[in-house]
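Inspection log for the structure reproduced underneath, given as structure tokens.
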Amino acid sequence: MNKALTLIAGFVLASSVTINASAAKTLVYCSEGSPEGFNPAFYTAGTTFDATSKNIFNKLVEFERGNTKIIPGLAESWTISDDGTTYTFKLRKGVKFHSNKKFKPHRDFNADDVLFSFNRQRLKDHPYHTVSGGSYEYWNGMSMTETIKDIKKIDDYTVSISLNQPSAPFMANLAMDFASIMSAEYADEMMKAGTPEVIDNQPIGTGPFEFVDYRKDSQIRYKAFSKYWGGKAPIDRLVFSITPDASVRYAKMQANECQVMPFPNPADLEKMRTDKNINLMSQEGLNIGFLAFNVEKKPFDDRKVRQALNYAINKQAILDAVFQGAGTVAKNPIPPTIWSYNKDTVDYDYNPEKAKQLLAEAGYSKGFSTNIWAMPVQRPYNPNARRMAELIQADWAAIGVKAEIVSYEWGEYLARTKEGEHDTALLGWTGDNGDPDNFLYVLLSCDAVGGSNRARFCNEDFDKLLKAAQVTSDIAERTKLYEQAQLMFKKEAPWVTIAHSVVYEPVRPEVVDYKIDPLGGHIFYGVDLK
Amino acid sequence: MLVFLFRRLMLVIPTFFGITLLTFSLIHMIPGDPITVMAGERGVTDARRAELEAQLGLDQPLPVQYLHYIKNVLQGDFGKSLVTREPVLSEFFTLFPATMELAFCASIIAILIGLPLGVIAAVRRGSVFDHSVMTVSLAGYSMPIFWWGLLLIILFSVTLGWTPVSGRIAATMWIDENTGFMLIDSLLSDEEGAFISALSHLILPSVVLATIPMAVIARMTRSSMLEVLGEDYIRTARAKGLSRWKVIAKHALRNALIPVITVIGLQVGILLSGAILTESIFAWPGVGRWLLESIHRRDYQVVQGGILIVAMIIIAINLLVDVMYGIVNPRIRHARG
């Protein structure tokens with residue numbers, strides 16, 4: 001026993017002698033879960049994107065930190081042909097790739113890397129297409145294969161992408177995580193070595209942080225990339241300390257074991273506001289929570305009924321009870337952080353008398369019976385759907401509409417609402433790329449009926465507006481079209497727009513220049529520690 | 001003894017099939033399929049769904065899937081995680097050392113505290129000490145682990161600042177993974193204060209994980225001791241003039257320990273299931289948290305494979321306990337074998 005103690009003491013002393021010379025500036029981020037892997041093209045979870053594309057990779061174009069504006073990334077500039085189908089990108093010169101034990105880059109980033117990164121996802125016969133399982137959910141989900149006709153290398157620093165038809169949201173898609181640029185040289189070397197899947201587990205990118213290692217379910221370590229084309233990050237080391245429990249994350253922040261955390265418990269917010277160790281940042285989220293009427297079913301095929309039910313709901317009461325202040329009332333189907341948000345839309349105020357009158361006009365003066373479907377899970381746009389449904393049920397009862405609350409397991413809920421089994425259903429959406437099309441077309445177009453259009457709303461005039469906006473790349477023109485679409489949406493009332501949630505992000509007071517990403521990411525380039 | 005061993009081993013086979021059948025059918029009885037759950041509001045096209053189902057083998061009829069599963073397991077292939085695409089077995093073994101380290105420390109705490117408490121409570125039967133042990137152990141036994149863990153974190157980590165909140169070592173320490181056991185790896189590294197950091201990270205989670213087994217061991221030791229203390233040979237020993245503590249230590253404790261060993265063996269299962277909650281609270285990167293996360297993600301393969309591996313470990317340990325019990329207490333093996 002004594003011997004063991006001496007041995008331990010010796011080790012402890014020995015380890016304290018070799019003092020770590022560099023006083024490295026380390027930022028610890030208490031992330032909420034383990035990444036699914038290290039190739040962002042395979043996955044759809046924000047947790048994975050934080051650990052990969054947001055910090056170690058670049059895209060051709062990027063979202064400006066803190067908003068959804070598209071700025072040059074690895075492409076310095078671009079031109080779009082007059083017919084809107086050919087995009088030509090001029091690539092940035094002198095961009096270095098990271099290195100690791102298995103790979104030292106011999107050349108700078110060039111057109112080959114762009115072709116490799118896109119063709120791997122696009123072409124079924126690409127040698128890398130099936131490596132590591134090869135399922136590219138986001139690429140498929142954004143219909144990239146159908147959109148892109150061909151990708152050509154003009155010279156080492158020029159790439160041209162031609163499309164099958166004009167697509168205005170295309171640039172926004174290229175700034176998304178799945179479009180991260182990887183090293184073609186690394187891929188070739190690993191293919192030759194017979195270990196192609198290494199490029200997906202030990203990522204090499206051009207981004208501000210280099211991947212060091214991942215200890216499963218525990219932590220991910222990065223170091224600042226000294227040759228980053230945008231200049232080295234102010235911090236030297238970045239650690240993701242994986243902490244799934246929100247209360248524990250808060251405790252770690254208080255003990256200064258980490259400096260930034262996502263997703264606080266709503267119940268802790270009040271305490272965080274007065275905590276001198278915490279700077280509680282907040283921003284409206286890029287999301288919408290809504291109640292969709294199934295417009296194919298009676299009586300919801302009647303606009304007056306939908307309007308009446310809109311008038312009958314006290315949204316402010318819902319916000320207070322369900323979001324506990326962490327949200328704002330929604331009037332448009334897109335959040336105010338997106339361009340083209342129509343400030344002039346007039347929402348249905350809470351007016352039960354007006355509601356009764358409209359119901360009478362529609363021939364339902366005695367009311368009717370219906371159902372409200374409530375999701376079984378918490379989502380950013382709806383922290384408690386059951387409670388929300390109960391409040392709506394009470395509001396409707398006041399105008400004579402009897403509603404029964406229905407709920408299913410999440411997978412079942414999604415499948416059944418997709419089939420249109422519901423009368424009315426609570427659901428929502430979080431934006432992918434800050435383009436209005438990503439909300440309006442995905443959720444309300446005729447094409448989306450039977451898919452994510454849970455209202456099964458298909459209006460010819462409305463659809464025309466959306467389609468016109470898709471084929472122009474003139475932002476001013478698109479803005480006008482979308483503003484018009486929002487007014488038409490409000491009049492037709494296929495949904496009750498309920499709320500946009502507010503995203504909270506507690507950081508330590510030592511953290512300088514952290515910005516909340518409206519797209520929900522956590523980006524540490526540009527962040528410093530006092 | 002050989003016959004006894006053989007019979008015990010034969011029992012393992014039906015148990016094994018029982019467990020595979022159970023995990024397999026449980027997973028398929030849970031509502032919701034993994035593809036819908038993973039895709040969420042975004043959804044996948046029907047063609048894509050069919051493609052994915054074919055890839056995962058979910059388009060086959062259930063009996064075929066089960067046979068396929070058994071065949072693979074018998075060849076040592078527990079499948080691949082649907083999410084990370086890593087083999088389940090290799091993921092298990094990267095995480096198992098962390099769970100072992102935690103479970104080992106917790107067992108030591110449970111035994112070192114639980115046993116003496118039980119013995120003293122039995123000897124001082126009816127005293128204030130006895131009543132306190134019984135009350136506290138009952139409380140420990142029924143403690144919700146989530147609440148208990150958070151309570152300790154708030155008191156010792158946040159308010160007093162004595163212990164770290166969670167994880168296995170300070171995030172600023174860059175330790176290389178050699179053995180997977182943080183206490184050893186931290187000694188092998190040249191980071192300053194790494195061992196102390198690793199040790200201090202172990203304290204709260206092991207105490208939390210030890211709570212239930214400790215309570216069980218204390219109560220079991222107490223009742224077993226009480227039974228033995230009432231036996232004739234103890235009275236004889238006392239009558240022969242041996243001192244009270246000598247009788248307890250030499251005669252009573254040895255005999256009382258026999259059933260306690262079985263109970264300690266059975267605690268392994270409880271430890272591993274307790275680890276699921278403890279590891280989640282303390283962000284301890286072990287097998288328990290891995291299983292819980294996989295359930296959230298509907299990662300069928302991991303849940304199926306992981307539970308089966310854990311179950312096999314528990315079976316193996318129980319077998320070991322049975323054999324040890326047979327050695328300590330020959331009556332058992334003769335009576336049944």
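Just remember, in the structure tokens the first chain shown is A, the second B, etc., residues are 1-based per chain, and ligands are 1-based in the order shown.
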Could you pull the residues within 10 Å of Leu188 in chain B, counting only C-alpha atoms, minus those fewer than 3 positions along the same chain, as JSON, numbers by chain? {"A": [11, 15], "B": [175, 176, 177, 178, 179, 182, 183, 184, 185, 191, 194, 195]}
Write out the residues from the selection above, keeping all heavy atoms, as a tab-separated table (two decimals), in the first residue's frame.
```
chain	number	residue	atom	x	y	z
A	11	PHE	N	4.69	9.83	-9.52
A	11	PHE	CA	4.13	10.15	-10.84
A	11	PHE	C	3.55	11.56	-10.85
A	11	PHE	O	3.75	12.33	-11.78
A	11	PHE	CB	3.02	9.16	-11.20
A	11	PHE	CG	3.53	7.98	-11.96
A	11	PHE	CD1	3.40	6.69	-11.46
A	11	PHE	CD2	4.16	8.16	-13.20
A	11	PHE	CE1	3.86	5.61	-12.17
A	11	PHE	CE2	4.61	7.07	-13.90
A	11	PHE	CZ	4.48	5.79	-13.39
A	15	SER	N	4.87	14.50	-13.13
A	15	SER	CA	4.04	15.16	-14.15
A	15	SER	C	3.96	16.66	-13.90
A	15	SER	O	3.76	17.43	-14.81
A	15	SER	CB	2.65	14.53	-14.19
A	15	SER	OG	2.08	14.59	-12.92
B	175	ILE	N	-4.94	14.34	-23.01
B	175	ILE	CA	-4.38	13.04	-22.64
B	175	ILE	C	-4.49	12.08	-23.83
B	175	ILE	O	-5.51	12.02	-24.48
B	175	ILE	CB	-5.21	12.44	-21.47
B	175	ILE	CG1	-5.26	13.40	-20.30
B	175	ILE	CG2	-4.66	11.10	-21.05
B	175	ILE	CD1	-3.98	13.60	-19.59
B	176	ASP	N	-3.42	11.32	-24.06
B	176	ASP	CA	-3.50	10.30	-25.12
B	176	ASP	C	-4.18	9.06	-24.57
B	176	ASP	O	-3.98	8.69	-23.43
B	176	ASP	CB	-2.09	9.92	-25.60
B	176	ASP	CG	-1.45	11.09	-26.32
B	176	ASP	OD1	-2.17	11.80	-27.03
B	176	ASP	OD2	-0.24	11.30	-26.12
B	177	GLU	N	-4.98	8.44	-25.42
B	177	GLU	CA	-5.68	7.25	-24.97
B	177	GLU	C	-4.81	6.03	-25.21
B	177	GLU	O	-4.53	5.68	-26.36
B	177	GLU	CB	-7.00	7.12	-25.74
B	177	GLU	CG	-7.93	6.16	-25.09
B	177	GLU	CD	-9.38	6.43	-25.52
B	177	GLU	OE1	-9.70	7.59	-25.81
B	177	GLU	OE2	-10.16	5.48	-25.54
B	178	ASN	N	-4.32	5.42	-24.14
B	178	ASN	CA	-3.50	4.22	-24.30
B	178	ASN	C	-4.26	2.99	-23.85
B	178	ASN	O	-4.47	2.06	-24.62
B	178	ASN	CB	-2.20	4.35	-23.49
B	178	ASN	CG	-1.30	5.43	-24.07
B	178	ASN	OD1	-1.02	5.43	-25.25
B	178	ASN	ND2	-0.89	6.36	-23.24
B	179	THR	N	-4.70	3.00	-22.59
B	179	THR	CA	-5.39	1.82	-22.07
B	179	THR	C	-6.89	2.02	-22.06
B	179	THR	O	-7.63	1.05	-21.98
B	179	THR	CB	-4.95	1.58	-20.61
B	179	THR	OG1	-5.31	2.76	-19.85
B	179	THR	CG2	-3.46	1.36	-20.51
B	182	MET	N	-8.74	5.98	-17.53
B	182	MET	CA	-8.23	7.33	-17.37
B	182	MET	C	-7.23	7.44	-16.24
B	182	MET	O	-6.26	8.19	-16.33
B	182	MET	CB	-9.39	8.29	-17.16
B	182	MET	CG	-9.04	9.75	-17.30
B	182	MET	SD	-8.18	10.14	-18.82
B	182	MET	CE	-9.55	10.42	-19.92
B	183	LEU	N	-7.42	6.66	-15.16
B	183	LEU	CA	-6.49	6.75	-14.04
B	183	LEU	C	-5.09	6.35	-14.49
B	183	LEU	O	-4.09	6.92	-14.04
B	183	LEU	CB	-6.95	5.86	-12.88
B	183	LEU	CG	-8.19	6.36	-12.12
B	183	LEU	CD1	-8.58	5.39	-11.02
B	183	LEU	CD2	-7.94	7.75	-11.54
B	184	ILE	N	-5.01	5.36	-15.35
B	184	ILE	CA	-3.70	4.90	-15.84
B	184	ILE	C	-3.18	5.84	-16.92
B	184	ILE	O	-2.02	6.29	-16.88
B	184	ILE	CB	-3.82	3.46	-16.38
B	184	ILE	CG1	-4.33	2.55	-15.26
B	184	ILE	CG2	-2.48	2.97	-16.92
B	184	ILE	CD1	-4.64	1.14	-15.69
B	185	ASP	N	-4.04	6.17	-17.88
B	185	ASP	CA	-3.61	7.05	-18.97
B	185	ASP	C	-3.10	8.40	-18.45
B	185	ASP	O	-2.15	8.96	-18.99
B	185	ASP	CB	-4.77	7.30	-19.94
B	185	ASP	CG	-5.02	6.11	-20.83
B	185	ASP	OD1	-4.14	5.24	-20.89
B	185	ASP	OD2	-6.09	6.04	-21.45
B	191	GLU	N	0.93	15.70	-18.79
B	191	GLU	CA	0.18	16.90	-18.46
B	191	GLU	C	0.23	17.09	-16.94
B	191	GLU	O	0.07	16.13	-16.18
B	191	GLU	CB	-1.29	16.76	-18.91
B	191	GLU	CG	-1.48	16.90	-20.41
B	191	GLU	CD	-1.80	18.34	-20.83
B	191	GLU	OE1	-1.84	19.22	-19.96
B	191	GLU	OE2	-2.01	18.55	-22.05
B	194	ALA	N	-2.67	15.75	-14.13
B	194	ALA	CA	-3.68	14.98	-14.86
B	194	ALA	C	-4.31	13.91	-13.98
B	194	ALA	O	-5.53	13.71	-13.98
B	194	ALA	CB	-3.07	14.36	-16.11
B	195	PHE	N	-3.47	13.22	-13.19
B	195	PHE	CA	-3.99	12.12	-12.37
B	195	PHE	C	-4.99	12.64	-11.34
B	195	PHE	O	-6.06	12.07	-11.16
B	195	PHE	CB	-2.84	11.39	-11.68
B	195	PHE	CG	-3.30	10.25	-10.82
B	195	PHE	CD1	-3.73	9.06	-11.40
B	195	PHE	CD2	-3.35	10.38	-9.44
B	195	PHE	CE1	-4.17	8.02	-10.61
B	195	PHE	CE2	-3.80	9.33	-8.64
B	195	PHE	CZ	-4.21	8.15	-9.23
```
Long-range neighbours of Glu53 in chain B as a ChimeraX atom specification, 12 Å cut-off, only C-alpha atoms, 4 positions minimum in chain: /A:135 /B:33-36,44,46-49,57-61,82
Would you kindly return, as number ranges by chain, each protein, DNA or RNA residue with an atom no farther than 12 Å from any atom of Leu253 in chain B, considering only C-alpha atoms and excluding same-chain residues fewer than 4 positions away? B: 115-116, 118-120, 122-123, 221-229, 234, 245-249, 257-261
Quick one: pull the distance between CA of Glu51 in chain B and CA of Ser81 in chain B, Å, one decimal. 17.5 Å
From a DSSP calculation on the backbone, collect every residue of range 148-316 of chain A in alpha helix (DSSP H) and output the set as a PDB file with N, CA and C atoms, in the first residue's frame.
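Saved file out14.pdb follows:
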```
ATOM      1  N   PHE A 170     -30.347  28.305 -55.360  1.00  0.00           N
ATOM      2  CA  PHE A 170     -29.158  27.481 -55.579  1.00  0.00           C
ATOM      3  C   PHE A 170     -27.938  27.986 -54.801  1.00  0.00           C
ATOM      4  N   MET A 171     -27.704  29.319 -54.828  1.00  0.00           N
ATOM      5  CA  MET A 171     -26.546  29.857 -54.123  1.00  0.00           C
ATOM      6  C   MET A 171     -26.633  29.571 -52.622  1.00  0.00           C
ATOM      7  N   ALA A 172     -27.836  29.721 -52.079  1.00  0.00           N
ATOM      8  CA  ALA A 172     -28.012  29.447 -50.644  1.00  0.00           C
ATOM      9  C   ALA A 172     -27.721  27.979 -50.347  1.00  0.00           C
ATOM     10  N   ASN A 173     -28.103  27.091 -51.280  1.00  0.00           N
ATOM     11  CA  ASN A 173     -27.815  25.666 -51.084  1.00  0.00           C
ATOM     12  C   ASN A 173     -26.314  25.409 -51.018  1.00  0.00           C
ATOM     13  N   LEU A 174     -25.563  26.138 -51.860  1.00  0.00           N
ATOM     14  CA  LEU A 174     -24.115  25.920 -51.899  1.00  0.00           C
ATOM     15  C   LEU A 174     -23.424  26.383 -50.617  1.00  0.00           C
ATOM     16  N   ALA A 184      -9.355  16.595 -52.644  1.00  0.00           N
ATOM     17  CA  ALA A 184      -9.321  15.500 -53.620  1.00  0.00           C
ATOM     18  C   ALA A 184      -8.002  14.737 -53.515  1.00  0.00           C
ATOM     19  N   GLU A 185      -6.951  15.447 -53.162  1.00  0.00           N
ATOM     20  CA  GLU A 185      -5.635  14.816 -53.054  1.00  0.00           C
ATOM     21  C   GLU A 185      -5.632  13.797 -51.904  1.00  0.00           C
ATOM     22  N   TYR A 186      -6.204  14.196 -50.772  1.00  0.00           N
ATOM     23  CA  TYR A 186      -6.333  13.309 -49.608  1.00  0.00           C
ATOM     24  C   TYR A 186      -7.136  12.071 -49.996  1.00  0.00           C
ATOM     25  N   ALA A 187      -8.233  12.301 -50.727  1.00  0.00           N
ATOM     26  CA  ALA A 187      -9.081  11.189 -51.154  1.00  0.00           C
ATOM     27  C   ALA A 187      -8.298  10.213 -52.026  1.00  0.00           C
ATOM     28  N   ASP A 188      -7.533  10.763 -52.977  1.00  0.00           N
ATOM     29  CA  ASP A 188      -6.746   9.899 -53.869  1.00  0.00           C
ATOM     30  C   ASP A 188      -5.741   9.071 -53.083  1.00  0.00           C
ATOM     31  N   GLU A 189      -5.025   9.732 -52.175  1.00  0.00           N
ATOM     32  CA  GLU A 189      -3.997   9.017 -51.410  1.00  0.00           C
ATOM     33  C   GLU A 189      -4.609   7.908 -50.570  1.00  0.00           C
ATOM     34  N   MET A 190      -5.754   8.200 -49.936  1.00  0.00           N
ATOM     35  CA  MET A 190      -6.379   7.191 -49.079  1.00  0.00           C
ATOM     36  C   MET A 190      -6.954   6.052 -49.921  1.00  0.00           C
ATOM     37  N   MET A 191      -7.442   6.371 -51.118  1.00  0.00           N
ATOM     38  CA  MET A 191      -7.951   5.335 -52.009  1.00  0.00           C
ATOM     39  C   MET A 191      -6.817   4.402 -52.396  1.00  0.00           C
ATOM     40  N   LYS A 192      -5.648   4.999 -52.708  1.00  0.00           N
ATOM     41  CA  LYS A 192      -4.486   4.187 -53.083  1.00  0.00           C
ATOM     42  C   LYS A 192      -4.029   3.322 -51.923  1.00  0.00           C
ATOM     43  N   VAL A 198     -11.096   6.667 -44.439  1.00  0.00           N
ATOM     44  CA  VAL A 198     -10.350   7.538 -43.517  1.00  0.00           C
ATOM     45  C   VAL A 198     -10.712   9.014 -43.719  1.00  0.00           C
ATOM     46  N   ILE A 199     -10.981   9.419 -44.962  1.00  0.00           N
ATOM     47  CA  ILE A 199     -11.268  10.838 -45.178  1.00  0.00           C
ATOM     48  C   ILE A 199     -12.568  11.272 -44.490  1.00  0.00           C
ATOM     49  N   ASP A 200     -13.428  10.307 -44.161  1.00  0.00           N
ATOM     50  CA  ASP A 200     -14.671  10.643 -43.476  1.00  0.00           C
ATOM     51  C   ASP A 200     -14.532  10.618 -41.952  1.00  0.00           C
ATOM     52  N   ASN A 201     -13.494   9.928 -41.462  1.00  0.00           N
ATOM     53  CA  ASN A 201     -13.309   9.844 -40.009  1.00  0.00           C
ATOM     54  C   ASN A 201     -12.262  10.808 -39.494  1.00  0.00           C
ATOM     55  N   ALA A 246     -28.848  19.306 -19.950  1.00  0.00           N
ATOM     56  CA  ALA A 246     -28.809  20.769 -19.945  1.00  0.00           C
ATOM     57  C   ALA A 246     -28.488  21.335 -18.566  1.00  0.00           C
ATOM     58  N   SER A 247     -28.963  20.686 -17.495  1.00  0.00           N
ATOM     59  CA  SER A 247     -28.663  21.206 -16.150  1.00  0.00           C
ATOM     60  C   SER A 247     -27.175  21.062 -15.857  1.00  0.00           C
ATOM     61  N   VAL A 248     -26.591  19.953 -16.323  1.00  0.00           N
ATOM     62  CA  VAL A 248     -25.164  19.738 -16.100  1.00  0.00           C
ATOM     63  C   VAL A 248     -24.347  20.742 -16.910  1.00  0.00           C
ATOM     64  N   ARG A 249     -24.803  21.039 -18.133  1.00  0.00           N
ATOM     65  CA  ARG A 249     -24.100  22.054 -18.928  1.00  0.00           C
ATOM     66  C   ARG A 249     -24.061  23.384 -18.178  1.00  0.00           C
ATOM     67  N   TYR A 250     -25.203  23.736 -17.580  1.00  0.00           N
ATOM     68  CA  TYR A 250     -25.271  24.989 -16.836  1.00  0.00           C
ATOM     69  C   TYR A 250     -24.313  24.952 -15.645  1.00  0.00           C
ATOM     70  N   ALA A 251     -24.297  23.824 -14.936  1.00  0.00           N
ATOM     71  CA  ALA A 251     -23.383  23.703 -13.792  1.00  0.00           C
ATOM     72  C   ALA A 251     -21.930  23.855 -14.243  1.00  0.00           C
ATOM     73  N   LYS A 252     -21.602  23.296 -15.406  1.00  0.00           N
ATOM     74  CA  LYS A 252     -20.228  23.400 -15.911  1.00  0.00           C
ATOM     75  C   LYS A 252     -19.884  24.839 -16.280  1.00  0.00           C
ATOM     76  N   MET A 253     -20.866  25.559 -16.806  1.00  0.00           N
ATOM     77  CA  MET A 253     -20.635  26.966 -17.116  1.00  0.00           C
ATOM     78  C   MET A 253     -20.351  27.735 -15.829  1.00  0.00           C
ATOM     79  N   GLN A 254     -21.132  27.445 -14.785  1.00  0.00           N
ATOM     80  CA  GLN A 254     -20.946  28.160 -13.524  1.00  0.00           C
ATOM     81  C   GLN A 254     -19.572  27.867 -12.933  1.00  0.00           C
ATOM     82  N   LEU A 269     -33.637  29.715 -17.377  1.00  0.00           N
ATOM     83  CA  LEU A 269     -33.388  31.022 -17.991  1.00  0.00           C
ATOM     84  C   LEU A 269     -33.465  32.164 -16.986  1.00  0.00           C
ATOM     85  N   GLU A 270     -34.472  32.101 -16.114  1.00  0.00           N
ATOM     86  CA  GLU A 270     -34.674  33.188 -15.158  1.00  0.00           C
ATOM     87  C   GLU A 270     -33.433  33.354 -14.282  1.00  0.00           C
ATOM     88  N   LYS A 271     -32.887  32.228 -13.857  1.00  0.00           N
ATOM     89  CA  LYS A 271     -31.706  32.248 -12.981  1.00  0.00           C
ATOM     90  C   LYS A 271     -30.478  32.741 -13.756  1.00  0.00           C
ATOM     91  N   MET A 272     -30.382  32.327 -15.013  1.00  0.00           N
ATOM     92  CA  MET A 272     -29.222  32.726 -15.821  1.00  0.00           C
ATOM     93  C   MET A 272     -29.186  34.238 -16.024  1.00  0.00           C
ATOM     94  N   ARG A 273     -30.366  34.840 -16.120  1.00  0.00           N
ATOM     95  CA  ARG A 273     -30.408  36.281 -16.351  1.00  0.00           C
ATOM     96  C   ARG A 273     -29.737  37.052 -15.226  1.00  0.00           C
ATOM     97  N   THR A 274     -29.846  36.542 -14.011  1.00  0.00           N
ATOM     98  CA  THR A 274     -29.288  37.273 -12.870  1.00  0.00           C
ATOM     99  C   THR A 274     -27.922  36.723 -12.464  1.00  0.00           C
ATOM    100  N   ARG A 303     -62.687  29.047 -46.688  1.00  0.00           N
ATOM    101  CA  ARG A 303     -61.775  30.047 -46.167  1.00  0.00           C
ATOM    102  C   ARG A 303     -62.317  30.744 -44.925  1.00  0.00           C
ATOM    103  N   LYS A 304     -63.657  30.964 -44.921  1.00  0.00           N
ATOM    104  CA  LYS A 304     -64.250  31.679 -43.789  1.00  0.00           C
ATOM    105  C   LYS A 304     -64.090  30.909 -42.482  1.00  0.00           C
ATOM    106  N   VAL A 305     -64.186  29.588 -42.571  1.00  0.00           N
ATOM    107  CA  VAL A 305     -64.018  28.769 -41.371  1.00  0.00           C
ATOM    108  C   VAL A 305     -62.591  28.894 -40.862  1.00  0.00           C
ATOM    109  N   ARG A 306     -61.635  28.830 -41.799  1.00  0.00           N
ATOM    110  CA  ARG A 306     -60.223  28.931 -41.398  1.00  0.00           C
ATOM    111  C   ARG A 306     -59.953  30.292 -40.758  1.00  0.00           C
ATOM    112  N   GLN A 307     -60.531  31.328 -41.365  1.00  0.00           N
ATOM    113  CA  GLN A 307     -60.335  32.662 -40.798  1.00  0.00           C
ATOM    114  C   GLN A 307     -60.962  32.758 -39.415  1.00  0.00           C
ATOM    115  N   ALA A 308     -62.156  32.187 -39.293  1.00  0.00           N
ATOM    116  CA  ALA A 308     -62.849  32.226 -38.004  1.00  0.00           C
ATOM    117  C   ALA A 308     -62.001  31.570 -36.918  1.00  0.00           C
ATOM    118  N   LEU A 309     -61.442  30.407 -37.241  1.00  0.00           N
ATOM    119  CA  LEU A 309     -60.648  29.693 -36.234  1.00  0.00           C
ATOM    120  C   LEU A 309     -59.361  30.458 -35.920  1.00  0.00           C
ATOM    121  N   ASN A 310     -58.856  31.224 -36.895  1.00  0.00           N
ATOM    122  CA  ASN A 310     -57.704  32.094 -36.653  1.00  0.00           C
ATOM    123  C   ASN A 310     -58.063  33.178 -35.643  1.00  0.00           C
ATOM    124  N   TYR A 311     -59.232  33.792 -35.846  1.00  0.00           N
ATOM    125  CA  TYR A 311     -59.671  34.853 -34.932  1.00  0.00           C
ATOM    126  C   TYR A 311     -59.901  34.318 -33.522  1.00  0.00           C
ATOM    127  N   LYS A 315     -53.241  34.003 -29.182  1.00  0.00           N
ATOM    128  CA  LYS A 315     -51.848  33.601 -29.351  1.00  0.00           C
ATOM    129  C   LYS A 315     -50.971  34.069 -28.200  1.00  0.00           C
ATOM    130  N   GLN A 316     -51.256  35.287 -27.695  1.00  0.00           N
ATOM    131  CA  GLN A 316     -50.411  35.799 -26.619  1.00  0.00           C
ATOM    132  C   GLN A 316     -50.482  34.868 -25.404  1.00  0.00           C
TER     133      GLN A 316
END
```
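Residues in contact with range 266-269 of chain B at 9 Å, where only C-alpha atoms are counted and same-chain residues fewer than 6 positions away are skipped, are listed as Ala103, Ser107, Ile212, Pro213, Val216, Ile217, Val310, Ala311, Ile314, Ile317, Asn318 and Val321 of chain B.
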Residues as selected, C-alpha atoms, written as a PDB file, in the first residue's frame, can you do that?
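In the end it all went to again34.pdb:
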```
ATOM      1  CA  ALA B 103     -18.222   0.335 -11.997  1.00  0.00           C
ATOM      2  CA  SER B 107     -18.174  -1.546  -6.284  1.00  0.00           C
ATOM      3  CA  ILE B 212     -28.020   1.515  -4.503  1.00  0.00           C
ATOM      4  CA  PRO B 213     -25.585  -1.439  -4.299  1.00  0.00           C
ATOM      5  CA  VAL B 216     -28.454  -3.469  -0.776  1.00  0.00           C
ATOM      6  CA  ILE B 217     -25.177  -4.858   0.558  1.00  0.00           C
ATOM      7  CA  VAL B 310     -24.019  -6.370 -21.782  1.00  0.00           C
ATOM      8  CA  ALA B 311     -26.375  -9.280 -21.089  1.00  0.00           C
ATOM      9  CA  ILE B 314     -23.835 -10.281 -16.844  1.00  0.00           C
ATOM     10  CA  ILE B 317     -20.326 -12.898 -14.174  1.00  0.00           C
ATOM     11  CA  ASN B 318     -23.300 -14.732 -12.686  1.00  0.00           C
ATOM     12  CA  VAL B 321     -20.399 -16.183  -8.976  1.00  0.00           C
TER      13      VAL B 321
END
```
Would you list which chain A residues are within 6 Å of chain B using only C-alpha atoms, as a ChimeraX atom specification? /A:15-16,36-37,217-218,243,252,255,411-412
Please provide the set of residues having any atom within 12 Å of Leu11 in chain B, restricted to only C-alpha atoms, with same-chain residues fewer than 6 positions apart removed, written as a count of residues only. 8
Can you pull out the residues contacting range 442-455 of chain A? Cut-off 10 Å, using only C-alpha atoms, and skip same-chain residues under 3 positions away; I want them as a ChimeraX atom specification. /A:291-297,300,333,414-429,436-439,458-460,462-464,466-467,489,493-495 /B:41-45
Find the residues near range 96-106 of chain A: any atom within 6 Å, counting only C-alpha atoms, skip ones fewer than 2 places away on the same chain, and give them as number ranges by chain. A: 108, 204-206
A straight line from CA of Pro335 in chain A to CA of Tyr381 in chain A spans 11.0 Å
